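Trainee: The following file, query-v9.cif, comprises mmCIF, C-alpha atoms and all ligand atoms:
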data_query
#
loop_
_atom_site.label_atom_id
_atom_site.label_comp_id
_atom_site.auth_asym_id
_atom_site.auth_seq_id
_atom_site.Cartn_x
_atom_site.Cartn_y
_atom_site.Cartn_z
CA MET F 1 48.38 162.32 101.77
CA GLU F 2 48.63 165.40 103.93
CA LYS F 3 51.33 167.85 102.95
CA PRO F 4 54.24 168.19 105.39
CA LYS F 5 53.72 171.34 107.49
CA VAL F 6 56.57 173.81 107.55
CA VAL F 7 56.79 177.01 109.54
CA LEU F 8 59.01 179.59 107.87
CA GLY F 9 60.13 182.13 110.46
CA VAL F 10 61.56 185.36 109.07
CA SER F 11 63.45 187.75 111.32
CA GLY F 12 64.50 191.31 110.62
CA GLY F 13 67.51 191.29 108.34
CA ILE F 14 68.03 192.50 104.79
CA ALA F 15 68.27 188.86 103.65
CA ALA F 16 64.52 188.50 104.39
CA TYR F 17 63.87 188.98 100.68
CA LYS F 18 65.75 185.75 99.97
CA ALA F 19 63.22 183.88 102.10
CA CYS F 20 60.64 184.50 99.33
CA GLU F 21 62.65 182.13 97.12
CA LEU F 22 62.89 179.57 99.92
CA LEU F 23 59.11 179.81 100.43
CA ARG F 24 58.50 179.30 96.72
CA ARG F 25 60.70 176.20 96.65
CA LEU F 26 58.97 174.77 99.70
CA THR F 27 55.42 175.35 98.41
CA GLU F 28 56.22 174.15 94.88
CA SER F 29 57.65 170.90 96.23
CA GLY F 30 54.42 170.09 98.07
CA HIS F 31 54.83 171.62 101.54
CA ASP F 32 52.16 173.51 103.44
CA VAL F 33 54.05 176.59 104.64
CA ARG F 34 52.98 179.04 107.35
CA VAL F 35 55.12 182.15 107.33
CA VAL F 36 55.67 183.76 110.74
CA PRO F 37 57.61 187.00 110.36
CA THR F 38 58.86 189.19 113.18
CA GLU F 39 57.58 192.77 113.34
CA ALA F 40 61.05 194.07 112.39
CA SER F 41 61.24 191.86 109.31
CA LEU F 42 58.16 193.58 107.84
CA HIS F 43 60.42 196.58 107.19
CA PHE F 44 62.10 194.41 104.55
CA VAL F 45 59.26 192.25 103.18
CA GLY F 46 55.61 193.07 103.85
CA ALA F 47 52.94 190.77 105.24
CA ALA F 48 51.00 190.88 101.95
CA THR F 49 53.91 189.19 100.14
CA TRP F 50 54.07 186.34 102.66
CA SER F 51 50.32 185.91 102.68
CA ALA F 52 50.03 185.83 98.89
CA LEU F 53 52.97 183.46 98.42
CA SER F 54 52.00 181.05 101.21
CA GLY F 55 48.23 181.14 100.86
CA HIS F 56 47.86 181.59 104.61
CA PRO F 57 47.13 184.56 106.83
CA VAL F 58 50.19 186.17 108.34
CA SER F 59 50.62 187.65 111.77
CA THR F 60 53.59 188.73 113.84
CA GLU F 61 51.93 188.70 117.24
CA VAL F 62 49.80 186.44 119.40
CA TRP F 63 46.74 188.73 119.60
CA ASN F 64 45.19 187.88 116.22
CA ASP F 65 42.74 184.93 115.92
CA VAL F 66 43.14 184.34 119.65
CA HIS F 67 40.33 181.74 119.63
CA GLU F 68 42.60 179.51 117.53
CA VAL F 69 45.42 179.84 120.08
CA PRO F 70 47.96 180.42 117.30
CA HIS F 71 50.94 180.82 119.61
CA VAL F 72 50.59 177.16 120.56
CA ARG F 73 48.95 175.54 117.55
CA ILE F 74 51.34 176.66 114.83
CA GLY F 75 54.38 175.20 116.59
CA GLN F 76 52.59 172.05 117.80
CA HIS F 77 51.45 171.07 114.31
CA ALA F 78 54.68 171.74 112.44
CA ASP F 79 56.85 169.01 110.93
CA LEU F 80 59.70 171.48 110.54
CA VAL F 81 60.43 175.04 111.63
CA VAL F 82 63.02 176.91 109.57
CA ILE F 83 64.14 180.43 110.45
CA ALA F 84 65.70 182.27 107.51
CA PRO F 85 67.21 184.71 108.05
CA ALA F 86 67.89 184.25 111.76
CA THR F 87 69.28 187.50 113.19
CA ALA F 88 71.59 187.74 116.21
CA ASP F 89 68.60 189.01 118.19
CA LEU F 90 66.39 186.09 117.18
CA LEU F 91 69.13 183.56 118.05
CA ALA F 92 69.55 185.24 121.46
CA LYS F 93 65.81 185.09 122.16
CA ALA F 94 65.62 181.45 121.07
CA ALA F 95 68.63 180.49 123.18
CA HIS F 96 67.07 182.11 126.25
CA GLY F 97 63.53 180.91 125.69
CA LEU F 98 62.03 184.40 125.39
CA ALA F 99 58.55 184.55 123.90
CA ASP F 100 57.44 188.08 123.10
CA ASP F 101 55.91 187.54 119.67
CA LEU F 102 54.32 184.81 117.58
CA LEU F 103 57.61 183.46 116.17
CA THR F 104 59.37 183.09 119.53
CA ASN F 105 56.22 181.49 121.01
CA THR F 106 56.17 179.09 118.07
CA LEU F 107 59.77 178.13 118.77
CA LEU F 108 58.87 177.22 122.34
CA THR F 109 55.90 175.05 121.37
CA ALA F 110 57.51 173.26 118.40
CA ARG F 111 58.53 169.67 119.08
CA CYS F 112 59.75 169.06 115.52
CA PRO F 113 63.27 169.67 114.12
CA VAL F 114 64.23 173.37 113.95
CA VAL F 115 66.68 174.80 111.41
CA PHE F 116 68.24 178.25 111.89
CA ALA F 117 69.90 179.93 108.90
CA PRO F 118 71.71 182.89 110.50
CA ALA F 119 72.55 186.06 108.60
CA MET F 120 74.24 189.09 110.12
CA HIS F 121 77.41 191.13 110.02
CA THR F 122 80.64 189.25 110.69
CA GLU F 123 81.24 191.13 113.96
CA MET F 124 77.83 190.09 115.27
CA TRP F 125 78.33 186.46 114.21
CA GLU F 126 81.75 186.35 115.89
CA HIS F 127 80.65 188.09 119.08
CA PRO F 128 81.02 185.79 122.12
CA ALA F 129 77.34 186.34 122.99
CA THR F 130 76.24 185.03 119.58
CA ARG F 131 78.80 182.18 119.70
CA GLU F 132 77.40 181.06 123.05
CA ASN F 133 73.79 181.37 121.92
CA VAL F 134 74.52 179.28 118.82
CA ALA F 135 76.35 176.66 120.90
CA THR F 136 73.38 176.52 123.31
CA LEU F 137 70.91 176.04 120.47
CA ARG F 138 73.05 173.32 118.90
CA ARG F 139 73.52 171.53 122.21
CA ARG F 140 69.75 171.44 122.59
CA GLY F 141 69.37 169.77 119.20
CA ALA F 142 68.73 172.64 116.79
CA VAL F 143 70.30 172.64 113.34
CA VAL F 144 72.18 175.95 113.06
CA ILE F 145 73.83 176.17 109.66
CA GLU F 146 76.97 178.23 109.22
CA PRO F 147 76.47 181.50 107.32
CA ALA F 148 78.21 181.84 103.98
CA VAL F 149 81.20 184.08 103.31
CA GLY F 150 80.73 186.92 100.84
CA ARG F 151 79.22 190.32 100.24
CA LEU F 152 77.24 191.69 103.20
CA THR F 153 74.91 194.71 103.37
CA GLY F 154 76.81 197.76 102.18
CA VAL F 155 80.35 197.47 100.95
CA ASP F 156 81.78 194.98 103.42
CA THR F 157 82.39 191.30 102.81
CA GLY F 158 82.94 188.50 105.29
CA LYS F 159 81.18 185.64 107.02
CA GLY F 160 77.52 186.27 107.72
CA ARG F 161 75.69 185.98 104.41
CA LEU F 162 72.50 183.97 104.27
CA PRO F 163 73.32 180.81 102.29
CA ASP F 164 71.70 180.41 98.91
CA PRO F 165 67.93 179.72 99.36
CA ALA F 166 68.26 176.63 97.13
CA GLU F 167 70.85 175.26 99.56
CA ILE F 168 68.71 176.06 102.63
CA PHE F 169 65.85 174.28 100.89
CA GLU F 170 68.07 171.19 100.44
CA VAL F 171 68.93 171.25 104.16
CA CYS F 172 65.17 171.42 104.97
CA ARG F 173 64.46 168.55 102.58
CA ARG F 174 67.12 166.37 104.23
CA VAL F 175 65.93 167.22 107.75
CA LEU F 176 62.30 166.47 106.83
CA ALA F 177 63.33 163.18 105.18
CA ARG F 178 64.78 162.04 108.50
CA GLY F 179 61.37 162.43 110.14
CA PRO F 180 60.57 163.71 113.62
CA VAL F 181 63.85 162.45 115.10
CA ALA F 182 66.26 164.80 116.88
CA PRO F 183 69.33 165.69 114.78
CA ASP F 184 71.84 163.17 116.13
CA LEU F 185 74.98 165.19 115.32
CA ALA F 186 73.70 168.41 116.95
CA GLY F 187 76.38 170.02 119.09
CA ARG F 188 79.14 167.93 117.42
CA HIS F 189 82.05 169.30 115.43
CA VAL F 190 82.68 167.20 112.35
CA VAL F 191 85.84 167.56 110.24
CA ILE F 192 85.84 166.11 106.73
CA SER F 193 88.64 166.12 104.16
CA ALA F 194 87.60 165.81 100.51
CA GLY F 195 89.11 165.85 97.03
CA GLY F 196 92.62 164.96 95.98
CA THR F 197 95.94 166.60 96.77
CA ARG F 198 98.26 167.97 94.09
CA GLU F 199 102.01 167.84 94.60
CA PRO F 200 103.75 170.49 92.49
CA LEU F 201 106.80 169.72 90.38
CA ASP F 202 107.24 173.25 89.08
CA PRO F 203 104.98 176.31 88.76
CA VAL F 204 102.89 174.67 86.03
CA ARG F 205 102.93 170.89 86.75
CA TYR F 206 101.84 168.63 89.55
CA LEU F 207 101.33 165.00 90.50
CA GLY F 208 97.67 164.51 91.24
CA ASN F 209 94.83 162.02 91.32
CA ARG F 210 91.31 161.79 89.98
CA SER F 211 89.33 162.04 93.20
CA SER F 212 86.25 164.23 92.57
CA GLY F 213 85.46 165.12 96.17
CA LYS F 214 81.78 164.22 95.73
CA GLN F 215 81.72 161.63 98.54
CA GLY F 216 83.28 164.08 100.99
CA TYR F 217 80.79 166.79 100.01
CA ALA F 218 77.91 164.31 100.47
CA LEU F 219 79.23 163.65 103.99
CA ALA F 220 79.37 167.40 104.67
CA ARG F 221 75.82 168.06 103.43
CA THR F 222 74.30 165.16 105.36
CA ALA F 223 76.21 166.11 108.54
CA VAL F 224 74.84 169.68 108.32
CA ALA F 225 71.29 168.30 108.08
CA ARG F 226 71.98 166.10 111.11
CA GLY F 227 72.91 169.19 113.12
CA ALA F 228 76.72 169.10 113.11
CA ARG F 229 79.05 172.06 112.88
CA VAL F 230 81.00 171.01 109.81
CA THR F 231 84.52 171.94 108.75
CA LEU F 232 85.11 170.76 105.20
CA ILE F 233 88.76 170.75 104.13
CA GLU F 234 88.75 170.55 100.36
CA ALA F 235 91.62 169.85 98.03
CA ASN F 236 91.16 170.80 94.38
CA THR F 237 87.53 169.74 93.94
CA GLY F 238 86.14 172.75 92.06
CA LEU F 239 82.71 171.83 93.50
CA PRO F 240 80.26 174.51 94.73
CA ASP F 241 80.43 175.06 98.50
CA PRO F 242 77.84 173.07 100.40
CA SER F 243 75.77 175.46 102.49
CA GLY F 244 76.11 175.47 106.23
CA ALA F 245 79.71 174.20 106.35
CA ASP F 246 82.95 176.06 107.01
CA ILE F 247 85.26 175.54 104.04
CA VAL F 248 89.06 175.40 104.22
CA ARG F 249 90.86 175.22 100.87
CA VAL F 250 94.17 173.40 100.52
CA GLY F 251 96.31 172.16 97.65
CA THR F 252 99.03 169.77 98.79
CA ALA F 253 99.21 166.89 101.28
CA THR F 254 101.37 169.05 103.56
CA GLN F 255 98.72 171.79 103.61
CA LEU F 256 95.99 169.21 104.10
CA ARG F 257 97.83 167.73 107.07
CA GLU F 258 98.20 171.14 108.69
CA ALA F 259 94.53 172.02 108.16
CA VAL F 260 93.28 168.64 109.40
CA LEU F 261 95.41 168.68 112.55
CA LYS F 262 94.29 172.24 113.34
CA ALA F 263 90.58 171.49 112.85
CA ALA F 264 90.85 168.12 114.63
CA ALA F 265 91.94 169.86 117.85
CA ASP F 266 88.31 170.31 118.93
CA ALA F 267 86.60 167.80 116.62
CA ASP F 268 84.25 165.04 117.73
CA VAL F 269 84.77 163.18 114.46
CA VAL F 270 87.39 163.33 111.72
CA VAL F 271 86.55 161.70 108.41
CA MET F 272 89.41 161.41 105.94
CA VAL F 273 87.86 160.99 102.50
CA ALA F 274 90.50 162.93 100.60
CA ALA F 275 92.80 161.00 98.32
CA VAL F 276 96.15 162.04 99.74
CA ALA F 277 99.20 161.63 97.51
CA ASP F 278 101.47 159.10 99.19
CA PHE F 279 104.52 160.71 97.58
CA ARG F 280 105.60 164.20 96.55
CA PRO F 281 108.47 165.35 94.34
CA ALA F 282 111.66 165.56 96.43
CA GLU F 283 112.43 168.89 94.82
CA TYR F 284 110.30 171.74 93.57
CA ALA F 285 111.70 173.59 90.58
CA ALA F 286 111.09 177.31 91.03
CA GLY F 287 111.15 177.78 87.25
CA LYS F 288 109.38 175.67 84.61
CA ILE F 289 111.31 172.47 83.86
CA LYS F 290 112.48 172.72 80.23
CA LYS F 291 113.18 169.88 77.82
CA LYS F 292 116.65 169.82 76.38
CA ASP F 293 117.35 168.63 72.84
CA GLY F 294 119.06 165.27 72.71
CA GLN F 295 118.73 164.68 76.45
CA GLU F 296 116.55 162.14 78.19
CA PRO F 297 114.32 163.65 80.89
CA ALA F 298 115.73 163.44 84.40
CA PRO F 299 113.86 160.95 86.62
CA ILE F 300 111.61 162.50 89.25
CA ALA F 301 112.75 161.65 92.76
CA LEU F 302 109.89 161.25 95.23
CA VAL F 303 109.65 161.35 99.01
CA ARG F 304 106.91 159.95 101.25
CA ASN F 305 104.12 162.17 102.52
CA PRO F 306 103.02 161.67 106.12
CA ASP F 307 100.00 159.44 106.69
CA ILE F 308 97.48 161.97 108.02
CA LEU F 309 94.81 159.43 108.92
CA ALA F 310 97.23 157.34 110.97
CA GLU F 311 98.56 160.47 112.66
CA VAL F 312 95.09 161.79 113.60
CA ALA F 313 94.04 158.35 114.86
CA GLY F 314 97.28 157.97 116.82
CA ARG F 315 97.03 161.41 118.43
CA ARG F 316 93.30 161.65 119.27
CA ALA F 317 93.14 165.34 120.16
CA ARG F 318 90.24 164.28 122.42
CA PRO F 319 90.09 160.82 124.01
CA GLU F 320 86.53 160.19 122.76
CA GLN F 321 87.26 161.45 119.21
CA ILE F 322 86.07 159.14 116.41
CA VAL F 323 88.28 158.72 113.36
CA VAL F 324 86.99 157.39 110.03
CA GLY F 325 89.06 156.49 106.98
CA PHE F 326 88.26 155.59 103.39
CA ALA F 327 90.05 153.07 101.21
CA ALA F 328 89.72 151.78 97.66
CA GLU F 329 90.70 148.17 97.14
CA THR F 330 90.71 146.04 94.03
CA ASP F 331 91.08 142.55 95.46
CA ASN F 332 90.83 140.78 98.80
CA VAL F 333 88.68 143.78 99.70
CA LEU F 334 87.69 142.71 103.20
CA ALA F 335 91.02 141.20 104.22
CA ASN F 336 92.96 144.22 102.91
CA GLY F 337 90.44 146.56 104.50
CA ARG F 338 90.75 144.87 107.89
CA GLU F 339 94.50 145.06 107.70
CA LYS F 340 94.38 148.76 106.73
CA LEU F 341 91.91 149.55 109.52
CA ARG F 342 94.32 148.05 112.04
CA ARG F 343 97.40 149.66 110.50
CA LYS F 344 95.84 153.13 110.46
CA GLY F 345 94.26 152.75 113.89
CA CYS F 346 90.90 154.29 112.94
CA ASP F 347 87.47 153.36 114.32
CA LEU F 348 85.72 152.89 111.00
CA LEU F 349 87.05 152.28 107.50
CA VAL F 350 84.81 152.67 104.48
CA VAL F 351 86.15 150.28 101.85
CA ASN F 352 85.13 150.97 98.28
CA GLU F 353 84.87 147.93 96.12
CA VAL F 354 86.55 149.02 92.93
CA GLY F 355 84.17 147.45 90.46
CA GLU F 356 82.92 147.87 86.94
CA ARG F 357 80.33 150.50 87.78
CA ARG F 358 82.69 152.56 89.84
CA THR F 359 84.26 155.51 88.07
CA PHE F 360 85.87 158.61 89.45
CA GLY F 361 83.40 161.45 89.68
CA ALA F 362 80.35 159.14 89.74
CA GLU F 363 77.22 160.10 91.66
CA GLU F 364 76.90 156.64 93.18
CA ASN F 365 79.06 154.48 95.34
CA GLU F 366 79.12 151.00 96.84
CA ALA F 367 81.09 150.07 99.94
CA VAL F 368 81.54 148.04 103.09
CA VAL F 369 82.05 149.88 106.36
CA LEU F 370 84.43 147.99 108.64
CA ALA F 371 84.54 148.78 112.35
CA ALA F 372 87.47 148.30 114.71
CA ASP F 373 85.16 146.29 117.00
CA GLY F 374 84.59 143.75 114.21
CA GLY F 375 81.40 145.22 112.71
CA GLU F 376 80.83 144.97 108.97
CA THR F 377 78.11 146.98 107.23
CA PRO F 378 77.62 146.52 103.49
CA VAL F 379 76.21 149.56 101.70
CA PRO F 380 74.57 148.68 98.37
CA PHE F 381 75.20 150.60 95.14
CA GLY F 382 73.39 153.94 95.48
CA PRO F 383 73.72 157.72 95.87
CA LYS F 384 76.76 159.01 97.73
CA GLU F 385 74.45 160.71 100.24
CA ALA F 386 73.03 157.30 101.20
CA LEU F 387 76.54 156.01 101.96
CA ALA F 388 77.20 159.25 103.87
CA ASP F 389 74.09 158.72 106.01
CA THR F 390 75.15 155.14 106.75
CA VAL F 391 78.51 156.45 107.98
CA TRP F 392 76.74 158.91 110.33
CA ASP F 393 74.34 156.13 111.45
CA LEU F 394 77.41 154.16 112.52
CA VAL F 395 79.23 157.16 114.04
CA SER F 396 76.46 158.68 116.16
CA PRO F 397 75.79 155.73 118.53
CA ARG F 398 79.53 155.68 119.26
CA PHE F 399 79.27 159.05 121.01
CA ALA F 400 77.27 157.42 123.78
N1 LIG C 501 95.52 158.85 103.85
C1 LIG C 501 96.12 159.84 104.61
N2 LIG C 501 97.40 160.23 104.35
C2 LIG C 501 98.10 159.65 103.35
C3 LIG C 501 97.50 158.63 102.59
C4 LIG C 501 96.21 158.27 102.86
O1 LIG C 501 95.49 160.36 105.52
N3 LIG C 501 99.32 160.05 103.12
C5 LIG C 501 94.15 158.41 104.19
C6 LIG C 501 93.10 158.71 103.15
O2 LIG C 501 92.48 159.95 103.34
C7 LIG C 501 92.12 157.57 103.37
C8 LIG C 501 92.99 156.43 103.80
O3 LIG C 501 94.16 157.02 104.33
O4 LIG C 501 91.23 157.83 104.43
C9 LIG C 501 93.24 155.47 102.69
O5 LIG C 501 94.46 155.50 102.21
P1 LIG C 501 95.02 154.48 101.11
O6 LIG C 501 95.69 155.30 100.09
O7 LIG C 501 94.00 153.51 100.67
O8 LIG C 501 96.00 153.73 102.05
P2 LIG C 501 97.51 153.54 101.94
O9 LIG C 501 98.04 153.60 103.32
O10 LIG C 501 98.08 154.49 100.98
O11 LIG C 501 97.57 152.06 101.44
P3 LIG C 501 97.91 151.45 100.00
O12 LIG C 501 99.09 150.63 100.30
O13 LIG C 501 96.72 150.65 99.65
O14 LIG C 501 98.18 152.59 99.08
#
As a first step, turn the structure in this file into structure tokens.
Mentor:
Amino acid sequence: MEKPKVVLGVSGGIAAYKACELLRRLTESGHDVRVVPTEASLHFVGAATWSALSGHPVSTEVWNDVHEVPHVRIGQHADLVVIAPATADLLAKAAHGLADDLLTNTLLTARCPVVFAPAMHTEMWEHPATRENVATLRRRGAVVIEPAVGRLTGVDTGKGRLPDPAEIFEVCRRVLARGPVAPDLAGRHVVISAGGTREPLDPVRYLGNRSSGKQGYALARTAVARGARVTLIEANTGLPDPSGADIVRVGTATQLREAVLKAAADADVVVMVAAVADFRPAEYAAGKIKKKDGQEPAPIALVRNPDILAEVAGRRARPEQIVVGFAAETDNVLANGREKLRRKGCDLLVVNEVGERRTFGAEENEAVVLAADGGETPVPFGPKEALADTVWDLVSPRFA
């Protein structure tokens, strides 16, 4: 079988050295990789490195091997183009269709999925020109992953770091696995809550639950690969950040509600996977609650937390917004699920069958996705990413 053909575009940022690791992962996992650097990027990593690591000749401009028409052929034959790092300048050129070197020509001739992994200083990433260029690229169907937050060149820190090459590789793998189809969530803002809330009793104790957050993270990773801008609101998961998503950290149901409502204001889809505590202690003790000899402990009075899913579904910050809930049921799964779907007012409800093989923190899941229009999609026992992809398969046609 022919190896999948990947074009690795490298533009001129300090993070270019990290693309060596991405290239290595791609070649070692059986991809035929052509590296197309920009002239500026050669200040950071030289052509000899790319040539030796990829096993292909390397050129930055269209005037070498003209008889092979490289400015057309490389793009035409690719199964995937990934640009890492993508500088502000490269994103601007791509958004405007400029073609003044081999990489920008390749971008214009490629008909396969294109992934941009931007890296730049926070100011450049936040500049309205860059924001508009990124929005244009996403609207046209490109996968532009969010930069990571952390140490930048020099002493400053902020948003703009190139995500970990291993994570970019995973995005590429997921995009390639979907085949030559356009990313169906491109240009969409997806909000996902994951994990479990903790309701504090005193500075050292809380009421919590055993949700691992893995299903929510699987939804975030698959949505990134399908082109969405992803806001992941995580409660107490302790999981490593999925690359390409914006992460908001919360602790309690009250904080989760605030974060979800804020992010939902411009969201195309809200998926509530988080296990939200239905109750919280009526009072928070500012000091540690002490036991007293000879005294029974005082009962803990609880109050109801708001139902965030029902609130988001009832409000619909945008009329065409899609709202998805999750539910775990032990018996009368479908009947209870249907009733919950109606009560919460969401469009889709993923009902987990609580069965023998299901444990908290597992890598697999099994569910039925119920739709408000009567649809019922069983998802067999399998990886959480497979369930996540089924959810997106059901969400994306609803945009039309
Ligand atoms: N949920 C929420 N806010 C809450 C409780 C739950 O947004 N206060 C959301 C969860 O994120 C999930 C769905 O509602 O998407 C499932 O909630 P579940 O706990 O199964 O439903 P309940 O209304 O609590 O019903 P039950 O009587 O079964 O506990």
Trainee: Please determine an axis-aligned box that encloses all atoms of ligand LIG 501 (chain C) listed in the file, with 3 Å added on each side, and express its centre and edge lengths in Å to one decimal as AutoDock Vina command-line options.
Mentor:
--center_x 95.3 --center_y 155.5 --center_z 102.3 --size_x 14.1 --size_y 15.7 --size_z 12.4
Trainee: Could you give me, as a Markdown table, every chain F residue with an atom at most 6 Å from ligand LIG 501 (chain C), plus its closest atom pair and distance in Å to one decimal, counting all atoms listed in the file, rows ordered by chain then number?
Mentor:
| residue | atom | partner | partner_atom | distance |
| --- | --- | --- | --- | --- |
| F:Met272 | CA | C:LIG501 | O2 | 4.3 |
| F:Val273 | CA | C:LIG501 | O2 | 4.8 |
| F:Ala274 | CA | C:LIG501 | O2 | 4.5 |
| F:Ala275 | CA | C:LIG501 | O2 | 5.1 |
| F:Val276 | CA | C:LIG501 | C3 | 4.6 |
| F:Ala277 | CA | C:LIG501 | N3 | 5.8 |
| F:Asp278 | CA | C:LIG501 | N3 | 4.6 |
| F:Asn305 | CA | C:LIG501 | N3 | 5.3 |
| F:Pro306 | CA | C:LIG501 | N3 | 5.0 |
| F:Asp307 | CA | C:LIG501 | N2 | 3.6 |
| F:Ile308 | CA | C:LIG501 | O1 | 3.6 |
| F:Leu309 | CA | C:LIG501 | O1 | 3.6 |
| F:Gly325 | CA | C:LIG501 | O4 | 3.6 |
| F:Phe326 | CA | C:LIG501 | O4 | 3.9 |
| F:Ala327 | CA | C:LIG501 | O7 | 4.0 |
| F:Ala328 | CA | C:LIG501 | O7 | 5.5 |
Trainee: Separation of CA of Val190 (chain F) and CA of Ala310 (chain F), in Å?
Mentor: 17.6 Å
Trainee: Sort by chain and increasing residue number a table of all residues of region 145-209 of chain F within 12 Å of region 30-33 of chain F, each with its closest pair of atoms and their distance in Å to one decimal, counting all atoms listed in the file, and write it as a tab-separated table.
Mentor:
residue	atom	partner	partner_atom	distance
F:Phe169	CA	F:His31	CA	11.4
F:Cys172	CA	F:His31	CA	10.9
F:Arg173	CA	F:His31	CA	10.2
F:Leu176	CA	F:His31	CA	10.5
Trainee: Emit the selected residues as a PDB file, keeping the file's coordinate frame, including C-alpha atoms.
Mentor:
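File part08.pdb, as written:
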ATOM      1  CA  PHE F 169      65.850 174.280 100.890  1.00  0.00           C
ATOM      2  CA  CYS F 172      65.170 171.420 104.970  1.00  0.00           C
ATOM      3  CA  ARG F 173      64.460 168.550 102.580  1.00  0.00           C
ATOM      4  CA  LEU F 176      62.300 166.470 106.830  1.00  0.00           C
TER       5      LEU F 176
END
Trainee: May I ask for the distance between CA of Leu23 (chain F) and CA of Thr130 (chain F), given in Å to one decimal place?
Mentor: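 Answer for the CA of Leu23 (chain F) to CA of Thr130 (chain F) separation: 26.2 Å.
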Trainee: Considering all atoms listed in the file, can you say which of F:Glu126, F:Asp241, F:Glu132, F:Glu364 comes closest to Pro163 (chain F)?
Mentor: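 Looking only at the distances to Pro163 (chain F), the closest residue turns out to be F:Asp241.
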Trainee: Could you check which residues have any atom within 12 Å of (95.1, 155.1, 116.8), counting only C-alpha atoms with coordinates taken straight from the file, and then list them as an MDAnalysis selection string?
Mentor: chainID F and resid 308:325 340:348 372
